[in-house]
>>> print(open('work20.pdb').read())   # PDB, C-alpha atoms
ATOM      1  CA  MET I   1     -20.257  35.980  36.614  1.00  0.00           C
ATOM      2  CA  LYS I   2     -16.459  35.984  36.793  1.00  0.00           C
ATOM      3  CA  ASN I   3     -14.338  36.513  33.714  1.00  0.00           C
ATOM      4  CA  LEU I   4     -12.153  33.447  33.310  1.00  0.00           C
ATOM      5  CA  LYS I   5      -8.967  33.388  31.284  1.00  0.00           C
ATOM      6  CA  PHE I   6      -8.104  30.213  29.415  1.00  0.00           C
ATOM      7  CA  VAL I   7      -4.769  29.545  27.764  1.00  0.00           C
ATOM      8  CA  PHE I   8      -4.823  26.913  25.036  1.00  0.00           C
ATOM      9  CA  ASN I   9      -1.378  25.326  24.885  1.00  0.00           C
ATOM     10  CA  ASN I  10      -2.407  22.355  22.787  1.00  0.00           C
ATOM     11  CA  PRO I  11      -0.749  22.732  19.362  1.00  0.00           C
ATOM     12  CA  VAL I  12      -3.644  21.048  17.580  1.00  0.00           C
ATOM     13  CA  THR I  13      -5.775  24.141  17.080  1.00  0.00           C
ATOM     14  CA  ARG I  14      -6.393  23.901  13.345  1.00  0.00           C
ATOM     15  CA  ARG I  15      -9.632  25.194  11.896  1.00  0.00           C
ATOM     16  CA  PHE I  16      -9.939  27.924  14.547  1.00  0.00           C
ATOM     17  CA  GLY I  17     -12.561  30.376  13.318  1.00  0.00           C
ATOM     18  CA  ASP I  18     -13.984  28.134  10.571  1.00  0.00           C
ATOM     19  CA  TYR I  19     -17.357  28.548  12.254  1.00  0.00           C
ATOM     20  CA  LEU I  20     -18.442  31.786  13.902  1.00  0.00           C
ATOM     21  CA  LEU I  21     -21.742  32.868  15.389  1.00  0.00           C
ATOM     22  CA  PHE I  22     -22.432  36.497  16.254  1.00  0.00           C
ATOM     23  CA  THR I  23     -25.455  37.163  18.442  1.00  0.00           C
ATOM     24  CA  ASP I  24     -26.204  40.093  20.741  1.00  0.00           C
ATOM     25  CA  ASN I  25     -22.997  40.736  22.654  1.00  0.00           C
ATOM     26  CA  HIS I  26     -21.496  37.282  22.066  1.00  0.00           C
ATOM     27  CA  VAL I  27     -19.132  35.837  19.475  1.00  0.00           C
ATOM     28  CA  TYR I  28     -19.009  32.046  19.535  1.00  0.00           C
ATOM     29  CA  VAL I  29     -15.926  30.512  17.939  1.00  0.00           C
ATOM     30  CA  ALA I  30     -15.675  26.791  17.252  1.00  0.00           C
ATOM     31  CA  MET I  31     -12.389  24.970  17.766  1.00  0.00           C
ATOM     32  CA  PRO I  32     -13.349  21.528  16.407  1.00  0.00           C
ATOM     33  CA  GLU I  33      -9.802  20.133  16.462  1.00  0.00           C
ATOM     34  CA  LEU I  34      -8.572  21.504  19.757  1.00  0.00           C
ATOM     35  CA  THR I  35      -7.708  18.169  21.376  1.00  0.00           C
ATOM     36  CA  VAL I  36      -6.921  14.719  20.033  1.00  0.00           C
ATOM     37  CA  THR I  37      -8.025  11.829  22.266  1.00  0.00           C
ATOM     38  CA  PRO I  38      -5.944   8.609  22.575  1.00  0.00           C
ATOM     39  CA  ASP I  39      -8.197   6.878  20.027  1.00  0.00           C
ATOM     40  CA  ASP I  40      -7.519   9.653  17.435  1.00  0.00           C
ATOM     41  CA  ASN I  41     -10.899  11.319  17.804  1.00  0.00           C
ATOM     42  CA  PHE I  42     -11.168  15.082  17.919  1.00  0.00           C
ATOM     43  CA  GLN I  43     -12.602  16.606  21.066  1.00  0.00           C
ATOM     44  CA  GLY I  44     -13.417  20.214  20.238  1.00  0.00           C
ATOM     45  CA  THR I  45     -14.699  23.143  22.198  1.00  0.00           C
ATOM     46  CA  ILE I  46     -16.553  26.397  21.690  1.00  0.00           C
ATOM     47  CA  ILE I  47     -15.210  29.695  22.954  1.00  0.00           C
ATOM     48  CA  ASP I  48     -17.590  32.506  23.924  1.00  0.00           C
ATOM     49  CA  PHE I  49     -16.137  35.996  23.502  1.00  0.00           C
ATOM     50  CA  ARG I  50     -18.438  38.575  25.052  1.00  0.00           C
ATOM     51  CA  ARG I  51     -18.577  42.142  26.251  1.00  0.00           C
ATOM     52  CA  GLU I  52     -20.898  44.070  28.495  1.00  0.00           C
ATOM     53  CA  ARG I  53     -24.088  45.291  26.836  1.00  0.00           C
ATOM     54  CA  ASN I  54     -24.131  48.912  25.671  1.00  0.00           C
ATOM     55  CA  VAL I  55     -20.338  49.179  26.019  1.00  0.00           C
ATOM     56  CA  LEU I  56     -18.345  49.902  22.872  1.00  0.00           C
ATOM     57  CA  SER I  57     -15.210  47.934  22.085  1.00  0.00           C
ATOM     58  CA  TRP I  58     -13.364  51.164  21.287  1.00  0.00           C
ATOM     59  CA  GLN I  59     -13.174  54.774  22.360  1.00  0.00           C
ATOM     60  CA  THR I  60     -13.097  57.745  20.024  1.00  0.00           C
ATOM     61  CA  LEU I  61      -9.700  59.411  20.083  1.00  0.00           C
ATOM     62  CA  ARG I  62     -10.404  61.943  17.327  1.00  0.00           C
ATOM     63  CA  SER I  63     -13.166  62.296  14.788  1.00  0.00           C
ATOM     64  CA  PRO I  64     -13.100  64.414  11.618  1.00  0.00           C
ATOM     65  CA  LEU I  65     -14.919  67.706  11.353  1.00  0.00           C
ATOM     66  CA  ASP I  66     -16.440  69.144   8.216  1.00  0.00           C
ATOM     67  CA  GLN I  67     -13.897  71.194   6.296  1.00  0.00           C
ATOM     68  CA  VAL I  68     -14.569  74.807   5.490  1.00  0.00           C
ATOM     69  CA  ASP I  69     -15.444  75.231   1.815  1.00  0.00           C
ATOM     70  CA  ILE I  70     -12.880  77.879   0.916  1.00  0.00           C
ATOM     71  CA  LYS I  71     -14.413  78.233  -2.562  1.00  0.00           C
ATOM     72  CA  GLN I  72     -17.328  80.016  -0.876  1.00  0.00           C
ATOM     73  CA  PHE I  73     -15.043  82.738   0.549  1.00  0.00           C
ATOM     74  CA  ARG I  74     -14.965  86.063  -1.237  1.00  0.00           C
ATOM     75  CA  GLY I  75     -12.497  87.435   1.255  1.00  0.00           C
ATOM     76  CA  VAL I  76     -11.985  88.297   4.888  1.00  0.00           C
ATOM     77  CA  PHE I  77     -12.190  91.899   5.987  1.00  0.00           C
ATOM     78  CA  ILE I  78     -12.857  94.291   8.858  1.00  0.00           C
ATOM     79  CA  TYR I  79     -15.749  96.657   8.310  1.00  0.00           C
ATOM     80  CA  ASP I  80     -16.179  99.916  10.223  1.00  0.00           C
ATOM     81  CA  THR I  81     -19.929 100.225  10.841  1.00  0.00           C
ATOM     82  CA  GLU I  82     -19.668 103.747  12.284  1.00  0.00           C
ATOM     83  CA  LYS I  83     -17.916 105.139   9.206  1.00  0.00           C
ATOM     84  CA  ASP I  84     -19.728 102.667   6.961  1.00  0.00           C
ATOM     85  CA  LYS I  85     -16.592 101.662   5.084  1.00  0.00           C
ATOM     86  CA  LEU I  86     -14.106  98.857   4.701  1.00  0.00           C
ATOM     87  CA  ALA I  87     -11.383  99.195   7.340  1.00  0.00           C
ATOM     88  CA  ALA I  88      -8.982  96.444   6.220  1.00  0.00           C
ATOM     89  CA  GLN I  89      -8.623  93.373   4.033  1.00  0.00           C
ATOM     90  CA  ILE I  90      -7.282  90.324   5.881  1.00  0.00           C
ATOM     91  CA  ASP I  91      -5.488  87.429   4.220  1.00  0.00           C
ATOM     92  CA  TYR I  92      -6.267  83.920   5.432  1.00  0.00           C
ATOM     93  CA  ILE I  93      -4.508  80.599   4.949  1.00  0.00           C
ATOM     94  CA  ASP I  94      -5.619  76.984   4.887  1.00  0.00           C
ATOM     95  CA  PRO I  95      -2.549  75.087   3.634  1.00  0.00           C
ATOM     96  CA  ILE I  96      -4.124  71.652   3.875  1.00  0.00           C
ATOM     97  CA  GLN I  97      -6.609  72.813   1.227  1.00  0.00           C
ATOM     98  CA  GLY I  98      -3.933  74.587  -0.805  1.00  0.00           C
ATOM     99  CA  LYS I  99      -4.690  78.158   0.332  1.00  0.00           C
ATOM    100  CA  ILE I 100      -1.461  79.931   1.240  1.00  0.00           C
ATOM    101  CA  ALA I 101      -0.671  83.592   1.916  1.00  0.00           C
ATOM    102  CA  GLY I 102      -1.533  85.787  -1.056  1.00  0.00           C
ATOM    103  CA  VAL I 103       1.922  87.360  -1.304  1.00  0.00           C
ATOM    104  CA  ALA I 104       3.477  83.882  -1.613  1.00  0.00           C
ATOM    105  CA  GLU I 105       0.815  82.710  -4.067  1.00  0.00           C
ATOM    106  CA  GLU I 106       1.539  85.645  -6.384  1.00  0.00           C
ATOM    107  CA  GLU I 107       5.206  84.639  -6.683  1.00  0.00           C
ATOM    108  CA  LEU I 108       4.542  80.997  -7.605  1.00  0.00           C
ATOM    109  CA  SER I 109       4.114  79.889 -11.208  1.00  0.00           C
ATOM    110  CA  PHE I 110       3.644  76.165 -10.476  1.00  0.00           C
ATOM    111  CA  LYS I 111       2.371  74.156  -7.505  1.00  0.00           C
ATOM    112  CA  THR I 112       2.638  70.437  -8.339  1.00  0.00           C
ATOM    113  CA  LEU I 113       3.687  67.096  -6.863  1.00  0.00           C
ATOM    114  CA  TYR I 114       6.169  66.644  -9.725  1.00  0.00           C
ATOM    115  CA  ASP I 115       8.725  68.772 -11.579  1.00  0.00           C
ATOM    116  CA  PRO I 116       6.732  70.377 -14.430  1.00  0.00           C
ATOM    117  CA  ALA I 117       9.799  71.366 -16.476  1.00  0.00           C
ATOM    118  CA  THR I 118      10.997  69.697 -19.679  1.00  0.00           C
ATOM    119  CA  TYR I 119      14.766  69.225 -19.910  1.00  0.00           C
ATOM    120  CA  THR I 120      17.374  68.474 -22.562  1.00  0.00           C
ATOM    121  CA  ILE I 121      19.138  66.092 -20.137  1.00  0.00           C
ATOM    122  CA  GLY I 122      17.764  64.551 -16.961  1.00  0.00           C
ATOM    123  CA  GLY I 123      17.183  61.540 -14.773  1.00  0.00           C
ATOM    124  CA  GLU I 124      14.261  59.117 -14.520  1.00  0.00           C
ATOM    125  CA  ALA I 125      12.098  61.590 -12.602  1.00  0.00           C
ATOM    126  CA  SER I 126      12.539  64.312 -15.255  1.00  0.00           C
ATOM    127  CA  VAL I 127      10.730  64.843 -18.532  1.00  0.00           C
ATOM    128  CA  VAL I 128      13.425  64.909 -21.223  1.00  0.00           C
ATOM    129  CA  ASP I 129      12.639  66.293 -24.663  1.00  0.00           C
ATOM    130  CA  PRO I 130      15.514  68.250 -26.288  1.00  0.00           C
ATOM    131  CA  GLY I 131      13.168  69.648 -28.956  1.00  0.00           C
ATOM    132  CA  ASN I 132      10.728  71.135 -26.400  1.00  0.00           C
ATOM    133  CA  ALA I 133      13.026  71.867 -23.458  1.00  0.00           C
ATOM    134  CA  TRP I 134      12.230  74.889 -21.344  1.00  0.00           C
ATOM    135  CA  GLY I 135      14.250  77.948 -22.238  1.00  0.00           C
ATOM    136  CA  GLU I 136      14.350  81.682 -21.696  1.00  0.00           C
ATOM    137  CA  LYS I 137      10.562  81.947 -21.366  1.00  0.00           C
ATOM    138  CA  TYR I 138      10.671  80.154 -17.985  1.00  0.00           C
ATOM    139  CA  VAL I 139      13.666  81.938 -16.433  1.00  0.00           C
ATOM    140  CA  GLY I 140      12.670  83.333 -13.032  1.00  0.00           C
ATOM    141  CA  LYS I 141       9.569  81.139 -12.696  1.00  0.00           C
ATOM    142  CA  LEU I 142       9.066  79.524  -9.292  1.00  0.00           C
ATOM    143  CA  TRP I 143       7.862  75.989  -8.627  1.00  0.00           C
ATOM    144  CA  TRP I 144       6.591  74.785  -5.249  1.00  0.00           C
ATOM    145  CA  ASP I 145       7.240  71.036  -4.904  1.00  0.00           C
ATOM    146  CA  LEU I 146       4.103  69.888  -3.038  1.00  0.00           C
ATOM    147  CA  SER I 147       5.420  66.336  -2.598  1.00  0.00           C
ATOM    148  CA  THR I 148       7.540  67.402   0.391  1.00  0.00           C
ATOM    149  CA  ALA I 149       4.893  69.539   2.133  1.00  0.00           C
ATOM    150  CA  LYS I 150       2.813  67.351   4.462  1.00  0.00           C
ATOM    151  CA  TYR I 151       0.570  69.117   6.970  1.00  0.00           C
ATOM    152  CA  HIS I 152      -1.185  67.953  10.116  1.00  0.00           C
ATOM    153  CA  ASN I 153      -4.963  67.790   9.678  1.00  0.00           C
ATOM    154  CA  PRO I 154      -6.503  70.528  11.873  1.00  0.00           C
ATOM    155  CA  TYR I 155     -10.038  69.456  10.980  1.00  0.00           C
ATOM    156  CA  GLN I 156     -10.349  67.148  13.975  1.00  0.00           C
ATOM    157  CA  GLY I 157     -10.209  67.264  17.759  1.00  0.00           C
ATOM    158  CA  ASP I 158     -11.040  70.286  19.903  1.00  0.00           C
ATOM    159  CA  ILE I 159     -10.203  73.943  19.349  1.00  0.00           C
ATOM    160  CA  ILE I 160      -6.887  73.583  21.211  1.00  0.00           C
ATOM    161  CA  TYR I 161      -5.743  70.760  18.903  1.00  0.00           C
ATOM    162  CA  GLN I 162      -6.945  72.667  15.829  1.00  0.00           C
ATOM    163  CA  THR I 163      -5.085  75.828  16.844  1.00  0.00           C
ATOM    164  CA  ALA I 164      -1.887  73.914  17.612  1.00  0.00           C
ATOM    165  CA  THR I 165      -1.866  72.076  14.260  1.00  0.00           C
ATOM    166  CA  TRP I 166      -3.152  74.747  11.859  1.00  0.00           C
ATOM    167  CA  GLY I 167      -0.531  75.052   9.117  1.00  0.00           C
ATOM    168  CA  LYS I 168       1.894  72.811  11.017  1.00  0.00           C
ATOM    169  CA  LEU I 169       4.181  70.579   8.951  1.00  0.00           C
ATOM    170  CA  PHE I 170       4.816  66.957   9.888  1.00  0.00           C
ATOM    171  CA  LYS I 171       8.278  66.161  11.191  1.00  0.00           C
ATOM    172  CA  GLY I 172      10.565  65.619   8.185  1.00  0.00           C
ATOM    173  CA  ALA I 173       8.312  67.584   5.816  1.00  0.00           C
ATOM    174  CA  SER I 174       9.556  70.803   4.221  1.00  0.00           C
ATOM    175  CA  ILE I 175       8.574  73.677   1.966  1.00  0.00           C
ATOM    176  CA  ASP I 176      10.713  73.399  -1.171  1.00  0.00           C
ATOM    177  CA  VAL I 177      10.492  76.153  -3.788  1.00  0.00           C
ATOM    178  CA  TYR I 178      12.712  76.100  -6.872  1.00  0.00           C
ATOM    179  CA  GLU I 179      13.530  78.822  -9.389  1.00  0.00           C
ATOM    180  CA  TRP I 180      14.542  78.296 -13.006  1.00  0.00           C
ATOM    181  CA  VAL I 181      17.686  80.250 -13.824  1.00  0.00           C
ATOM    182  CA  GLU I 182      19.824  80.895 -16.866  1.00  0.00           C
ATOM    183  CA  THR I 183      23.557  80.429 -16.339  1.00  0.00           C
ATOM    184  CA  GLU I 184      26.694  79.175 -18.011  1.00  0.00           C
ATOM    185  CA  LEU I 185      27.653  77.327 -14.819  1.00  0.00           C
ATOM    186  CA  LEU I 186      27.260  73.585 -14.467  1.00  0.00           C
ATOM    187  CA  PRO I 187      24.466  72.541 -12.058  1.00  0.00           C
ATOM    188  CA  SER I 188      27.073  71.471  -9.473  1.00  0.00           C
ATOM    189  CA  GLN I 189      28.819  74.863  -9.746  1.00  0.00           C
ATOM    190  CA  TRP I 190      25.518  76.730  -9.495  1.00  0.00           C
ATOM    191  CA  LEU I 191      24.575  74.749  -6.396  1.00  0.00           C
ATOM    192  CA  GLU I 192      27.905  75.536  -4.767  1.00  0.00           C
ATOM    193  CA  GLN I 193      27.491  79.228  -5.556  1.00  0.00           C
ATOM    194  CA  ALA I 194      23.908  79.282  -4.299  1.00  0.00           C
ATOM    195  CA  PHE I 195      24.911  77.754  -0.957  1.00  0.00           C
ATOM    196  CA  ARG I 196      27.665  80.326  -0.545  1.00  0.00           C
ATOM    197  CA  LEU I 197      25.026  83.074  -0.801  1.00  0.00           C
ATOM    198  CA  LEU I 198      22.863  81.570   1.955  1.00  0.00           C
TER     199      LEU I 198
END
>>> encode(input="work20.pdb", output="structure tokens")
Amino acid sequence: MKNLKFVFNNPVTRRFGDYLLFTDNHVYVAMPELTVTPDDNFQGTIIDFRRERNVLSWQTLRSPLDQVDIKQFRGVFIYDTEKDKLAAQIDYIDPIQGKIAGVAEEELSFKTLYDPATYTIGGEASVVDPGNAWGEKYVGKLWWDLSTAKYHNPYQGDIIYQTATWGKLFKGASIDVYEWVETELLPSQWLEQAFRLL
């Protein structure tokens, strides 16, 4: 049977989809007010949307894979079976699950989506409490602002896609790490000085 294409130009198409019937590979849609006859009677119609049997209406582009449970890892290493000893410890990363290189992890004091500090003066996004503001105790501490780090999901697609996207940031995303410092300079002066050192 040929597939026919109908174009309904009549503006009186109210109540389209009020009545639907799904059966097998057919969707019947009533259009009870499609046409108005000269004597003001409605002359409706029924539309039959159908597809071939055993044919999906979509194709899978990507489907998720089970993520590795990194909590089950005790470490990654190379073992020399001839000498029966540990040859080397190997670091691994899985940034989408929060596992970064160990040397970087050791330097960080905070990894949050928000600024964890308490200030004496600040804007709407800051916690301001002059009586409990952070002081000397936090000088030198590093904070990784996770709100700007958005990674591609490597747990989908084939091995080529996974390899190409492992640890890859989305366009516009960035790794922003901040350090608390003690200085007599104003924030604007400190910023200017810091950029001169880059």
>>> atom_distance(input="work20.pdb", atom1="CA of Pro154 in chain I", atom2="CA of Val76 in chain I")
19.9 Å
>>> atom_distance(input="work20.pdb", atom1="CA of Asp145 in chain I", atom2="CA of Tyr114 in chain I")
6.6 Å
>>> resolve_selection(input="work20.pdb", expression="the PyMOL selection byres ((chain I and resi 181) around 9)", output="list in words")
Glu136, Tyr138, Val139, Gly140, Lys141, Glu179, Trp180, Glu182 and Thr183 of chain I
>>> resolve_selection(input="work20.pdb", expression="the PyMOL selection byres ((chain I and resi 45) around 9)", output="JSON list (two decimals) with C-alpha atoms, keeping the file's coordinate frame")
[["chain", "number", "residue", "atom", "x", "y", "z"],
["I", 29, "VAL", "CA", -15.93, 30.51, 17.94],
["I", 30, "ALA", "CA", -15.68, 26.79, 17.25],
["I", 31, "MET", "CA", -12.39, 24.97, 17.77],
["I", 32, "PRO", "CA", -13.35, 21.53, 16.41],
["I", 33, "GLU", "CA", -9.80, 20.13, 16.46],
["I", 34, "LEU", "CA", -8.57, 21.50, 19.76],
["I", 35, "THR", "CA", -7.71, 18.17, 21.38],
["I", 43, "GLN", "CA", -12.60, 16.61, 21.07],
["I", 44, "GLY", "CA", -13.42, 20.21, 20.24],
["I", 46, "ILE", "CA", -16.55, 26.40, 21.69],
["I", 47, "ILE", "CA", -15.21, 29.70, 22.95]]
>>> closest_residue(input="work20.pdb", among="I:His152, I:Thr120, I:Lys137, I:Tyr79", to="Ala164 in chain I", atoms="all atoms listed in the file")
I:His152
>>> residues_around(input="work20.pdb", residues="Glu105 in chain I", least_positions_apart="6", cutoff="12 Å", atoms="only C-alpha atoms", output="mmCIF file with C-alpha atoms, in the frame of the given file")
data_model
loop_
_atom_site.group_PDB
_atom_site.id
_atom_site.type_symbol
_atom_site.label_atom_id
_atom_site.label_comp_id
_atom_site.auth_asym_id
_atom_site.auth_seq_id
_atom_site.Cartn_x
_atom_site.Cartn_y
_atom_site.Cartn_z
ATOM 1 C CA ASP I 91 -5.488 87.429 4.220
ATOM 2 C CA TYR I 92 -6.267 83.920 5.432
ATOM 3 C CA ILE I 93 -4.508 80.599 4.949
ATOM 4 C CA PRO I 95 -2.549 75.087 3.634
ATOM 5 C CA GLY I 98 -3.933 74.587 -0.805
ATOM 6 C CA LYS I 99 -4.690 78.158 0.332
ATOM 7 C CA LYS I 111 2.371 74.156 -7.505
ATOM 8 C CA LEU I 142 9.066 79.524 -9.292
ATOM 9 C CA TRP I 143 7.862 75.989 -8.627
ATOM 10 C CA TRP I 144 6.591 74.785 -5.249
ATOM 11 C CA VAL I 177 10.492 76.153 -3.788
#
>>> atom_distance(input="work20.pdb", atom1="CA of Tyr151 in chain I", atom2="CA of Asp94 in chain I")
10.2 Å
>>> resolve_selection(input="work20.pdb", expression="the PyMOL selection byres ((chain I and resi 24) around 10)", output="PyMOL selection string")
chain I and resi 22-23+25-27+50-51+53
>>> closest_residue(input="work20.pdb", among="I:Tyr178, I:Trp166, I:Leu186, I:Phe195", to="Pro116 in chain I", atoms="only C-alpha atoms")
I:Tyr178
>>> closest_residue(input="work20.pdb", among="I:Leu86, I:Gly131, I:Ile96, I:Gly122", to="Ile70 in chain I", atoms="only C-alpha atoms")
I:Ile96
>>> closest_residue(input="work20.pdb", among="I:Leu191, I:Asp84, I:Ala149, I:Ile100", to="Gly172 in chain I", atoms="all atoms listed in the file")
I:Ala149
